[in-house]
file run_22.cif (mmCIF, C-alpha atoms and all ligand atoms)
data_input
#
loop_
_atom_site.label_atom_id
_atom_site.label_comp_id
_atom_site.auth_asym_id
_atom_site.auth_seq_id
_atom_site.Cartn_x
_atom_site.Cartn_y
_atom_site.Cartn_z
CA MET Y 15 36.12 9.29 5.29
CA LYS Y 16 35.13 12.90 5.99
CA LYS Y 17 32.51 12.77 3.24
CA VAL Y 18 30.99 9.59 4.73
CA PHE Y 19 30.80 11.28 8.13
CA VAL Y 20 29.12 14.37 6.70
CA LEU Y 21 26.59 12.24 4.82
CA ALA Y 22 25.84 10.18 7.92
CA THR Y 23 25.34 13.35 10.00
CA LEU Y 24 23.08 14.78 7.30
CA ALA Y 25 21.05 11.56 7.14
CA ALA Y 26 20.73 11.48 10.92
CA ALA Y 27 19.58 15.08 10.92
CA VAL Y 28 17.02 14.43 8.19
CA PHE Y 29 15.75 11.26 9.87
CA GLY Y 30 15.83 13.03 13.24
CA VAL Y 31 13.49 15.77 12.01
CA GLN Y 32 11.26 13.20 10.31
CA ALA Y 33 11.10 11.00 13.39
CA GLN Y 34 10.32 13.91 15.63
CA ASP Y 35 7.44 15.07 13.47
CA PHE Y 36 6.28 11.65 12.29
CA PRO Y 37 3.73 11.29 10.85
CA GLY Y 38 3.38 15.09 10.69
CA GLY Y 39 -0.14 15.00 9.28
CA LYS Y 40 1.01 12.98 6.26
CA SER Y 41 -1.19 10.06 5.27
CA ILE Y 42 -0.01 6.52 6.12
CA SER Y 43 -0.82 3.66 3.79
CA ILE Y 44 -1.28 0.06 4.95
CA VAL Y 45 -0.76 -2.46 2.17
CA VAL Y 46 -3.18 -5.40 2.44
CA PRO Y 47 -1.83 -8.26 0.31
CA PHE Y 48 -5.33 -9.67 -0.35
CA ALA Y 49 -8.51 -8.44 -2.02
CA ALA Y 50 -10.77 -5.82 -0.49
CA GLY Y 51 -13.59 -7.24 1.61
CA GLY Y 52 -11.59 -10.26 2.87
CA PRO Y 53 -10.38 -11.12 6.40
CA THR Y 54 -7.00 -9.38 6.17
CA ASP Y 55 -8.73 -6.35 4.69
CA ARG Y 56 -11.35 -6.43 7.50
CA VAL Y 57 -8.66 -6.49 10.19
CA ALA Y 58 -6.65 -3.77 8.42
CA ARG Y 59 -9.63 -1.42 8.04
CA ASP Y 60 -10.62 -1.79 11.69
CA LEU Y 61 -7.00 -1.33 12.75
CA ALA Y 62 -6.55 1.74 10.49
CA GLU Y 63 -9.47 3.37 12.26
CA ALA Y 64 -8.04 2.55 15.69
CA LEU Y 65 -4.58 3.81 14.66
CA ARG Y 66 -5.73 7.24 13.48
CA LYS Y 67 -5.98 8.90 16.89
CA PRO Y 68 -2.69 7.60 18.33
CA LEU Y 69 -1.00 8.63 15.09
CA GLY Y 70 -2.08 12.22 15.47
CA GLY Y 71 -5.46 12.09 13.73
CA GLY Y 72 -4.18 11.95 10.13
CA THR Y 73 -5.50 9.55 7.53
CA VAL Y 74 -4.56 5.88 7.41
CA VAL Y 75 -5.51 4.44 4.03
CA ILE Y 76 -5.69 0.84 2.84
CA ASP Y 77 -3.95 -0.24 -0.36
CA ASN Y 78 -5.11 -3.68 -1.53
CA VAL Y 79 -2.33 -5.43 -3.48
CA PRO Y 80 -3.54 -9.03 -3.88
CA GLY Y 81 -1.85 -11.99 -5.55
CA ALA Y 82 0.67 -14.82 -5.17
CA GLY Y 83 -0.27 -15.68 -1.60
CA SER Y 84 0.46 -12.18 -0.21
CA SER Y 85 3.94 -12.03 -1.74
CA ILE Y 86 3.10 -9.27 -4.29
CA GLY Y 87 1.84 -6.89 -1.60
CA ALA Y 88 4.66 -7.79 0.76
CA ALA Y 89 7.22 -7.17 -2.02
CA LYS Y 90 5.73 -3.71 -2.57
CA VAL Y 91 6.37 -2.82 1.09
CA ALA Y 92 9.85 -4.39 1.12
CA ARG Y 93 10.74 -2.00 -1.74
CA ALA Y 94 8.90 1.07 -0.33
CA PRO Y 95 10.71 4.16 1.06
CA LYS Y 96 12.02 3.44 4.55
CA ASP Y 97 10.14 6.27 6.22
CA GLY Y 98 7.19 4.63 7.99
CA TYR Y 99 4.52 5.90 5.60
CA VAL Y 100 4.00 2.57 3.84
CA LEU Y 101 3.27 -0.41 6.09
CA LEU Y 102 2.24 -4.02 5.57
CA LEU Y 103 -0.53 -5.86 7.40
CA ASN Y 104 -0.03 -9.54 6.68
CA HIS Y 105 -1.17 -12.77 8.27
CA ILE Y 106 0.35 -16.23 8.75
CA GLY Y 107 1.51 -15.88 5.13
CA MET Y 108 4.62 -14.12 6.54
CA ALA Y 109 5.56 -17.53 7.99
CA THR Y 110 4.24 -19.94 5.35
CA ILE Y 111 5.21 -18.11 2.15
CA PRO Y 112 8.95 -18.95 2.45
CA THR Y 113 8.05 -22.67 2.24
CA LEU Y 114 4.79 -22.59 0.32
CA VAL Y 115 5.88 -20.22 -2.45
CA ARG Y 116 9.23 -20.77 -4.13
CA ASN Y 117 11.35 -17.89 -5.53
CA VAL Y 118 9.81 -15.17 -3.33
CA PRO Y 119 11.47 -11.83 -4.23
CA PHE Y 120 12.18 -10.85 -0.58
CA ASN Y 121 13.27 -12.30 2.71
CA VAL Y 122 10.55 -12.14 5.38
CA GLU Y 123 13.09 -12.07 8.18
CA LYS Y 124 15.56 -9.57 6.70
CA ASP Y 125 13.55 -7.15 4.57
CA PHE Y 126 11.02 -5.96 7.18
CA GLU Y 127 10.94 -4.23 10.53
CA TYR Y 128 8.48 -6.07 12.76
CA LEU Y 129 6.08 -3.70 14.53
CA GLY Y 130 4.05 -6.28 16.44
CA MET Y 131 1.29 -8.86 16.34
CA VAL Y 132 -2.29 -7.64 15.98
CA ASN Y 133 -4.64 -10.58 16.59
CA GLU Y 134 -5.41 -14.27 16.17
CA VAL Y 135 -8.27 -15.53 14.01
CA PRO Y 136 -9.67 -19.08 13.80
CA MET Y 137 -10.75 -20.66 10.51
CA THR Y 138 -13.98 -22.44 9.61
CA LEU Y 139 -14.84 -25.18 7.14
CA ILE Y 140 -17.86 -23.93 5.20
CA ALA Y 141 -19.89 -25.01 2.16
CA LYS Y 142 -22.34 -23.76 -0.45
CA PRO Y 143 -25.87 -23.52 0.97
CA SER Y 144 -27.19 -26.30 -1.29
CA LEU Y 145 -24.67 -28.92 -0.10
CA PRO Y 146 -26.87 -31.71 1.35
CA ALA Y 147 -24.70 -32.50 4.43
CA ASN Y 148 -26.04 -30.91 7.63
CA ASN Y 149 -23.22 -31.76 10.05
CA TYR Y 150 -19.55 -32.75 9.96
CA GLN Y 151 -20.27 -36.52 9.93
CA GLU Y 152 -22.62 -36.11 6.97
CA LEU Y 153 -19.99 -33.98 5.25
CA THR Y 154 -17.39 -36.76 5.47
CA SER Y 155 -19.88 -39.22 3.89
CA TRP Y 156 -20.66 -36.67 1.16
CA ILE Y 157 -16.92 -36.19 0.48
CA ALA Y 158 -16.45 -39.98 0.24
CA ALA Y 159 -19.42 -40.31 -2.13
CA ASN Y 160 -18.29 -37.46 -4.37
CA LYS Y 161 -14.57 -38.26 -4.83
CA GLY Y 162 -13.09 -36.46 -7.85
CA LYS Y 163 -16.08 -34.12 -8.21
CA ILE Y 164 -15.53 -31.65 -5.37
CA ASN Y 165 -14.45 -28.03 -5.99
CA LEU Y 166 -12.55 -26.57 -3.07
CA GLY Y 167 -12.19 -22.78 -3.31
CA ASN Y 168 -9.34 -20.86 -1.80
CA ALA Y 169 -8.43 -17.21 -1.24
CA GLY Y 170 -5.45 -17.40 -3.58
CA VAL Y 171 -2.51 -19.63 -4.22
CA GLY Y 172 -0.39 -19.59 -1.04
CA SER Y 173 -3.16 -18.06 1.10
CA ALA Y 174 -4.09 -19.36 4.54
CA SER Y 175 -7.29 -20.65 3.04
CA HIS Y 176 -5.25 -22.58 0.44
CA LEU Y 177 -2.99 -23.96 3.18
CA CYS Y 178 -5.99 -25.02 5.27
CA GLY Y 179 -7.55 -26.77 2.26
CA LEU Y 180 -4.30 -28.55 1.41
CA LEU Y 181 -3.87 -29.76 4.99
CA TYR Y 182 -7.51 -30.84 5.11
CA GLN Y 183 -7.16 -32.92 1.95
CA THR Y 184 -3.95 -34.49 3.27
CA ALA Y 185 -5.65 -35.33 6.59
CA MET Y 186 -8.71 -36.73 4.78
CA LYS Y 187 -6.53 -38.61 2.25
CA THR Y 188 -8.63 -37.19 -0.55
CA GLU Y 189 -8.10 -34.87 -3.49
CA MET Y 190 -10.37 -32.00 -4.45
CA THR Y 191 -10.16 -29.59 -7.39
CA PRO Y 192 -8.63 -26.30 -6.18
CA VAL Y 193 -10.34 -23.10 -7.33
CA PRO Y 194 -8.15 -20.07 -6.46
CA TYR Y 195 -9.55 -16.55 -6.06
CA LYS Y 196 -7.80 -13.21 -5.39
CA GLY Y 197 -9.03 -13.27 -1.80
CA THR Y 198 -11.77 -14.48 0.51
CA ALA Y 199 -14.36 -11.93 -0.59
CA PRO Y 200 -14.71 -13.20 -4.20
CA ALA Y 201 -14.40 -16.85 -3.00
CA ILE Y 202 -17.31 -16.43 -0.56
CA THR Y 203 -19.43 -14.75 -3.25
CA ASP Y 204 -18.99 -17.81 -5.48
CA LEU Y 205 -19.56 -20.20 -2.56
CA ILE Y 206 -22.88 -18.51 -1.79
CA GLY Y 207 -23.71 -18.71 -5.51
CA GLY Y 208 -22.90 -22.44 -5.55
CA GLN Y 209 -20.04 -22.19 -8.10
CA ILE Y 210 -17.72 -23.91 -5.60
CA ASP Y 211 -18.55 -26.56 -2.98
CA LEU Y 212 -16.26 -25.99 -0.01
CA LEU Y 213 -14.00 -23.33 1.49
CA CYS Y 214 -11.85 -23.02 4.59
CA ASP Y 215 -11.54 -19.41 5.69
CA GLN Y 216 -11.26 -16.99 8.59
CA THR Y 217 -14.11 -16.33 11.00
CA THR Y 218 -13.71 -12.57 10.50
CA ASN Y 219 -15.57 -13.06 7.21
CA THR Y 220 -17.39 -16.34 7.57
CA THR Y 221 -19.21 -15.47 10.84
CA PRO Y 222 -21.72 -13.01 9.29
CA GLN Y 223 -22.41 -15.49 6.45
CA ILE Y 224 -22.88 -18.36 8.90
CA GLU Y 225 -25.17 -16.22 11.06
CA ALA Y 226 -27.24 -15.22 8.02
CA LYS Y 227 -27.34 -18.91 6.94
CA LYS Y 228 -25.92 -17.96 3.54
CA VAL Y 229 -23.38 -20.79 3.84
CA LYS Y 230 -23.25 -24.08 5.74
CA ALA Y 231 -20.64 -24.42 8.48
CA TYR Y 232 -19.19 -27.71 9.71
CA ALA Y 233 -16.16 -27.20 11.93
CA VAL Y 234 -13.51 -24.85 13.32
CA THR Y 235 -9.78 -25.35 12.85
CA THR Y 236 -8.73 -24.40 16.39
CA ASN Y 237 -7.98 -26.98 19.08
CA LYS Y 238 -10.82 -25.66 21.27
CA ARG Y 239 -14.42 -24.77 20.42
CA LEU Y 240 -15.09 -21.03 20.10
CA THR Y 241 -17.27 -18.89 22.36
CA THR Y 242 -18.59 -16.48 19.69
CA PRO Y 243 -22.38 -17.10 19.73
CA ALA Y 244 -22.72 -17.93 16.01
CA LEU Y 245 -19.79 -20.38 16.14
CA LYS Y 246 -20.01 -22.00 19.56
CA ASP Y 247 -21.85 -25.14 18.36
CA LEU Y 248 -19.28 -25.99 15.69
CA PRO Y 249 -17.04 -28.96 16.56
CA THR Y 250 -13.28 -28.75 16.15
CA LEU Y 251 -11.77 -30.84 13.34
CA ASP Y 252 -9.61 -32.48 16.00
CA GLU Y 253 -12.62 -33.74 17.98
CA SER Y 254 -14.23 -34.77 14.69
CA GLY Y 255 -11.47 -37.31 14.09
CA LEU Y 256 -8.68 -35.32 12.41
CA LYS Y 257 -6.30 -35.52 15.37
CA ASN Y 258 -4.02 -32.49 15.87
CA PHE Y 259 -5.56 -30.56 12.99
CA GLN Y 260 -4.95 -26.99 13.99
CA VAL Y 261 -4.67 -23.83 11.90
CA SER Y 262 -4.92 -20.49 13.64
CA ILE Y 263 -4.30 -17.29 11.71
CA TRP Y 264 -2.51 -14.32 13.23
CA HIS Y 265 -1.91 -10.87 11.76
CA GLY Y 266 1.14 -8.64 12.18
CA LEU Y 267 2.17 -5.13 11.18
CA TYR Y 268 5.47 -4.46 9.36
CA ALA Y 269 7.54 -1.62 7.90
CA PRO Y 270 10.36 -1.79 5.34
CA ALA Y 271 13.75 -2.79 6.78
CA GLY Y 272 15.86 0.27 7.53
CA THR Y 273 12.99 2.49 8.76
CA PRO Y 274 14.53 4.77 11.44
CA ALA Y 275 14.19 3.49 15.01
CA PRO Y 276 12.34 6.57 16.35
CA VAL Y 277 9.68 6.17 13.64
CA LEU Y 278 9.35 2.46 14.48
CA LYS Y 279 8.93 3.34 18.15
CA LYS Y 280 6.12 5.81 17.32
CA LEU Y 281 4.41 3.19 15.16
CA ASN Y 282 4.71 0.48 17.83
CA ASP Y 283 3.42 2.85 20.53
CA ALA Y 284 0.44 3.72 18.32
CA LEU Y 285 -0.19 0.00 17.67
CA LYS Y 286 -0.27 -0.70 21.41
CA VAL Y 287 -2.83 2.07 21.94
CA ALA Y 288 -4.94 0.83 18.99
CA LEU Y 289 -5.01 -2.73 20.34
CA LYS Y 290 -6.55 -1.43 23.57
CA ASP Y 291 -9.26 0.55 21.74
CA PRO Y 292 -12.57 -0.86 23.09
CA ASP Y 293 -14.27 -0.35 19.75
CA PHE Y 294 -11.58 -2.31 17.89
CA ILE Y 295 -11.68 -5.10 20.50
CA LYS Y 296 -15.49 -5.33 20.34
CA LYS Y 297 -15.55 -5.53 16.54
CA GLN Y 298 -12.82 -8.17 16.44
CA GLU Y 299 -14.28 -10.32 19.21
CA GLY Y 300 -17.69 -10.30 17.53
CA LEU Y 301 -15.99 -11.96 14.54
CA GLY Y 302 -14.23 -14.68 16.53
CA ALA Y 303 -10.85 -12.91 16.65
CA VAL Y 304 -8.67 -12.44 19.74
CA VAL Y 305 -6.79 -9.12 19.92
CA THR Y 306 -3.15 -9.51 21.00
CA THR Y 307 -2.42 -8.19 24.47
CA ASP Y 308 0.67 -10.21 25.41
CA SER Y 309 4.35 -9.57 24.75
CA ARG Y 310 3.96 -10.49 21.07
CA VAL Y 311 2.97 -6.85 20.49
CA GLU Y 312 6.67 -6.07 21.12
CA PRO Y 313 8.65 -6.02 17.83
CA ALA Y 314 11.40 -8.40 19.04
CA GLU Y 315 8.86 -10.86 20.49
CA HIS Y 316 6.77 -10.80 17.32
CA LYS Y 317 9.88 -11.43 15.23
CA LYS Y 318 10.75 -14.39 17.46
CA PHE Y 319 7.18 -15.64 17.17
CA VAL Y 320 7.22 -15.43 13.35
CA ALA Y 321 10.56 -17.28 13.29
CA SER Y 322 8.98 -20.03 15.43
CA GLU Y 323 5.98 -20.13 13.07
CA ILE Y 324 8.31 -20.50 10.05
CA ALA Y 325 10.02 -23.40 11.87
CA LYS Y 326 6.62 -24.91 12.80
CA TRP Y 327 5.02 -24.68 9.33
CA SER Y 328 8.01 -25.51 7.14
CA PRO Y 329 8.15 -29.26 8.00
CA ILE Y 330 4.32 -29.57 7.97
CA ILE Y 331 4.11 -28.03 4.50
CA LYS Y 332 7.08 -30.07 3.25
CA ALA Y 333 5.64 -33.31 4.70
CA ALA Y 334 2.32 -32.59 3.03
CA GLY Y 335 4.35 -32.12 -0.19
CA VAL Y 336 2.55 -28.93 -1.08
CA TYR Y 337 3.75 -25.90 -3.00
CA ALA Y 338 1.67 -22.97 -4.02
CA ASP Y 339 3.43 -21.95 -7.22
N1 LIG U 401 -8.49 -15.31 4.04
C1 LIG U 401 -7.43 -15.13 3.11
C2 LIG U 401 -6.43 -16.25 3.28
O1 LIG U 401 -6.89 -17.34 3.27
C3 LIG U 401 -6.81 -13.83 3.05
C4 LIG U 401 -7.76 -12.70 2.84
O2 LIG U 401 -8.53 -12.63 1.88
O3 LIG U 401 -7.70 -11.82 3.67
O4 LIG U 401 -5.27 -16.08 3.37
#
call {"tool": "encode", "arguments": {"input": "run_22.cif", "output": "structure tokens", "more": "lines below"}}
Ligand code: ASP
result
Amino acid sequence: MKKVFVLATLAAAVFGVQAQDFPGGKSISIVVPFAAGGPTDRVARDLAEALRKPLGGGTVVIDNVPGAGSSIGAAKVARAPKDGYVLLLNHIGMATIPTLVRNVPFNVEKDFEYLGMVNEVPMTLIAKPSLPANNYQELTSWIAANKGKINLGNAGVGSASHLCGLLYQTAMKTEMTPVPYKGTAPAITDLIGGQIDLLCDQTTNTTPQIEAKKVKAYAVTTNKRLTTPALKDLPTLDESGLKNFQVSIWHGLYAPAGTPAPVLKKLNDALKVALKDPDFIKKQEGLGAVVTTDSRVEPAEHKKFVASEIAKWSPIIKAAGVYAD
């Protein structure tokens, strides 16, 4: 009993010192569970820059750990030391992975401390530049005429891009050949090169390609049209006939479960400052993203939100009969 008390006091003292000094000039690493150059990576790199100052000016580095629909990177953080120096930036995968990927080696609700939501990002349905269809109506005719021959890329098994493609095929009552990549960056490279026909992916990466006319764009997956100049003329899939089709991607920041509360508080405070950084907001808005300003930046609210997203997506994924493993 006495020994337990002494150990607990010692631990509190150690954590107390750590929390007080955190991050104490030590570098913080943000694990991105997708390939470098993709949407999650884009958001993480912009956020890392915005987090530096509120975290005392030290370095915030990005560690890309792609694979298995974000579950490999997330597992790395779930197993990381509980000291606040290794964080996870993940997207909607935190809510879809439990249903989409079976046998995940962690529990998204129990193995992480939720720091807060970062932003929301719409998706776009895009195609290789040589695809003959010039608008959404022409695309549907092209899909009907090319049944069984269409290659639909995705940013990895279990990714948001995969989910969007699966839901799109279900809504269109058609089947395409899935072509998985390690992330959006390599998928877009092959789309531009014409190795794949179609891709559904986040505006954070598709906007510059659409603007430069390197890909064709047909629709957005949100329930309202977007205001970003390069995207404002794209119809929603809902208005194009796929009623209630809506996929909106959000990103959140997480630490391993058991990270001391004072460290979590410092991280959440720094996140709140970063999300108000005008430079961060400008960069994100230019790519169609909306930076989170509401109560979902609070850890408890974000956790509640993710739980509601798990409840929302689980029946949709099950009804579509899709698994990503
Ligand atoms: N856009 C990817 C996805 O569909 C993730 C990424 O590469 O950031 O989940």
call {"tool": "residues_near_ligand", "arguments": {"input": "run_22.cif", "ligand": "ligand LIG 401 (chain U)", "cutoff": "6 Å", "atoms": "all atoms listed in the file", "output": "number ranges by chain"}}
result
Y: 48-49, 52-55, 169, 173-175, 197-198, 215-216
call {"tool": "atom_distance", "arguments": {"input": "run_22.cif", "atom1": "CA of Glu312 (chain Y)", "atom2": "CA of Leu103 (chain Y)"}}
result
15.5 Å
call {"tool": "closest_residue", "arguments": {"input": "run_22.cif", "among": "Y:Pro95, Y:Leu177, Y:Asp211, Y:Asp308", "to": "Ile164 (chain Y)", "atoms": "all atoms listed in the file"}}
result
Y:Asp211
call {"tool": "atom_distance", "arguments": {"input": "run_22.cif", "atom1": "CA of Arg56 (chain Y)", "atom2": "CA of Leu212 (chain Y)"}}
result
21.5 Å
call {"tool": "residues_around", "arguments": {"input": "run_22.cif", "residues": "Leu114 (chain Y)", "least_positions_apart": "5", "cutoff": "12 Å", "atoms": "all atoms listed in the file", "output": "JSON, numbers by chain"}}
result
{"Y": [82, 83, 84, 85, 106, 107, 108, 109, 171, 172, 173, 174, 176, 177, 180, 324, 327, 328, 329, 330, 331, 332, 333, 334, 335, 336, 337, 338, 339]}
call {"tool": "closest_residue", "arguments": {"input": "run_22.cif", "among": "Y:Pro194, Y:Pro136, Y:Pro292, Y:Pro146", "to": "Thr217 (chain Y)", "atoms": "all atoms listed in the file"}}
result
Y:Pro136
call {"tool": "closest_residue", "arguments": {"input": "run_22.cif", "among": "Y:Lys280, Y:Lys40, Y:Arg59, Y:Lys96", "to": "Phe294 (chain Y)", "atoms": "all atoms listed in the file"}}
result
Y:Arg59
call {"tool": "closest_residue", "arguments": {"input": "run_22.cif", "among": "Y:Val100, Y:Leu139, Y:Met131, Y:Ala89", "to": "Arg310 (chain Y)", "atoms": "all atoms listed in the file"}}
result
Y:Met131
call {"tool": "atom_distance", "arguments": {"input": "run_22.cif", "atom1": "CA of Gln183 (chain Y)", "atom2": "CA of Gly208 (chain Y)"}}
result
20.3 Å
call {"tool": "closest_residue", "arguments": {"input": "run_22.cif", "among": "Y:Ile76, Y:Ala88, Y:Met137, Y:Val132", "to": "Ala288 (chain Y)", "atoms": "only C-alpha atoms"}}
result
Y:Val132
call {"tool": "closest_residue", "arguments": {"input": "run_22.cif", "among": "Y:Asn133, Y:Thr191, Y:Gln151, Y:Thr242", "to": "Ile224 (chain Y)", "atoms": "only C-alpha atoms"}}
result
Y:Thr242
call {"tool": "residues_around", "arguments": {"input": "run_22.cif", "residues": "Ala58 (chain Y)", "least_positions_apart": "6", "cutoff": "10 Å", "atoms": "all atoms listed in the file", "output": "list in words"}}
result
Ile44, Val45, Val46, Gly52, Ala64, Val74, Val75, Ile76, Asp77, Leu102, Leu103, Asn104, Val132, His265, Gly266 and Leu267 of chain Y
call {"tool": "residues_around", "arguments": {"input": "run_22.cif", "residues": "Pro270 (chain Y)", "least_positions_apart": "2", "cutoff": "7 Å", "atoms": "all atoms listed in the file", "output": "PyMOL selection string"}}
result
chain Y and resi 91-92+94+96+125-127+268+272-273
call {"tool": "decode", "arguments": {"input": "run_22.cif", "residues": "region 72-85 of chain Y", "atoms": "N, CA and C atoms", "output": "mmCIF file, in the first residue's frame"}}
result
data_model
loop_
_atom_site.group_PDB
_atom_site.id
_atom_site.type_symbol
_atom_site.label_atom_id
_atom_site.label_comp_id
_atom_site.auth_asym_id
_atom_site.auth_seq_id
_atom_site.Cartn_x
_atom_site.Cartn_y
_atom_site.Cartn_z
ATOM 1 N N GLY Y 72 9.321 25.736 -30.467
ATOM 2 C CA GLY Y 72 10.109 24.538 -30.816
ATOM 3 C C GLY Y 72 9.652 23.939 -32.135
ATOM 4 N N THR Y 73 10.293 22.852 -32.538
ATOM 5 C CA THR Y 73 9.905 22.259 -33.818
ATOM 6 C C THR Y 73 8.706 21.325 -33.665
ATOM 7 N N VAL Y 74 7.877 21.312 -34.707
ATOM 8 C CA VAL Y 74 6.765 20.361 -34.787
ATOM 9 C C VAL Y 74 6.968 19.637 -36.111
ATOM 10 N N VAL Y 75 7.326 18.361 -36.032
ATOM 11 C CA VAL Y 75 7.652 17.629 -37.263
ATOM 12 C C VAL Y 75 6.518 16.686 -37.655
ATOM 13 N N ILE Y 76 6.466 16.377 -38.943
ATOM 14 C CA ILE Y 76 5.433 15.468 -39.456
ATOM 15 C C ILE Y 76 6.045 14.099 -39.718
ATOM 16 N N ASP Y 77 5.342 13.067 -39.272
ATOM 17 C CA ASP Y 77 5.803 11.685 -39.468
ATOM 18 C C ASP Y 77 4.710 10.966 -40.276
ATOM 19 N N ASN Y 78 4.957 10.752 -41.555
ATOM 20 C CA ASN Y 78 3.962 10.072 -42.399
ATOM 21 C C ASN Y 78 4.039 8.569 -42.182
ATOM 22 N N VAL Y 79 2.918 7.987 -41.710
ATOM 23 C CA VAL Y 79 2.864 6.530 -41.482
ATOM 24 C C VAL Y 79 1.619 6.009 -42.202
ATOM 25 N N PRO Y 80 1.695 5.867 -43.534
ATOM 26 C CA PRO Y 80 0.494 5.497 -44.293
ATOM 27 C C PRO Y 80 0.160 4.009 -44.211
ATOM 28 N N GLY Y 81 -1.055 3.675 -44.626
ATOM 29 C CA GLY Y 81 -1.448 2.273 -44.771
ATOM 30 C C GLY Y 81 -2.686 1.899 -43.986
ATOM 31 N N ALA Y 82 -3.400 0.893 -44.531
ATOM 32 C CA ALA Y 82 -4.591 0.309 -43.886
ATOM 33 C C ALA Y 82 -5.579 1.369 -43.400
ATOM 34 N N GLY Y 83 -5.890 2.301 -44.293
ATOM 35 C CA GLY Y 83 -6.929 3.285 -44.002
ATOM 36 C C GLY Y 83 -6.696 4.076 -42.726
ATOM 37 N N SER Y 84 -5.475 4.479 -42.488
ATOM 38 C CA SER Y 84 -5.043 5.299 -41.344
ATOM 39 C C SER Y 84 -4.831 4.497 -40.069
ATOM 40 N N SER Y 85 -5.116 3.188 -40.098
ATOM 41 C CA SER Y 85 -5.022 2.434 -38.841
ATOM 42 C C SER Y 85 -3.578 2.136 -38.432
#
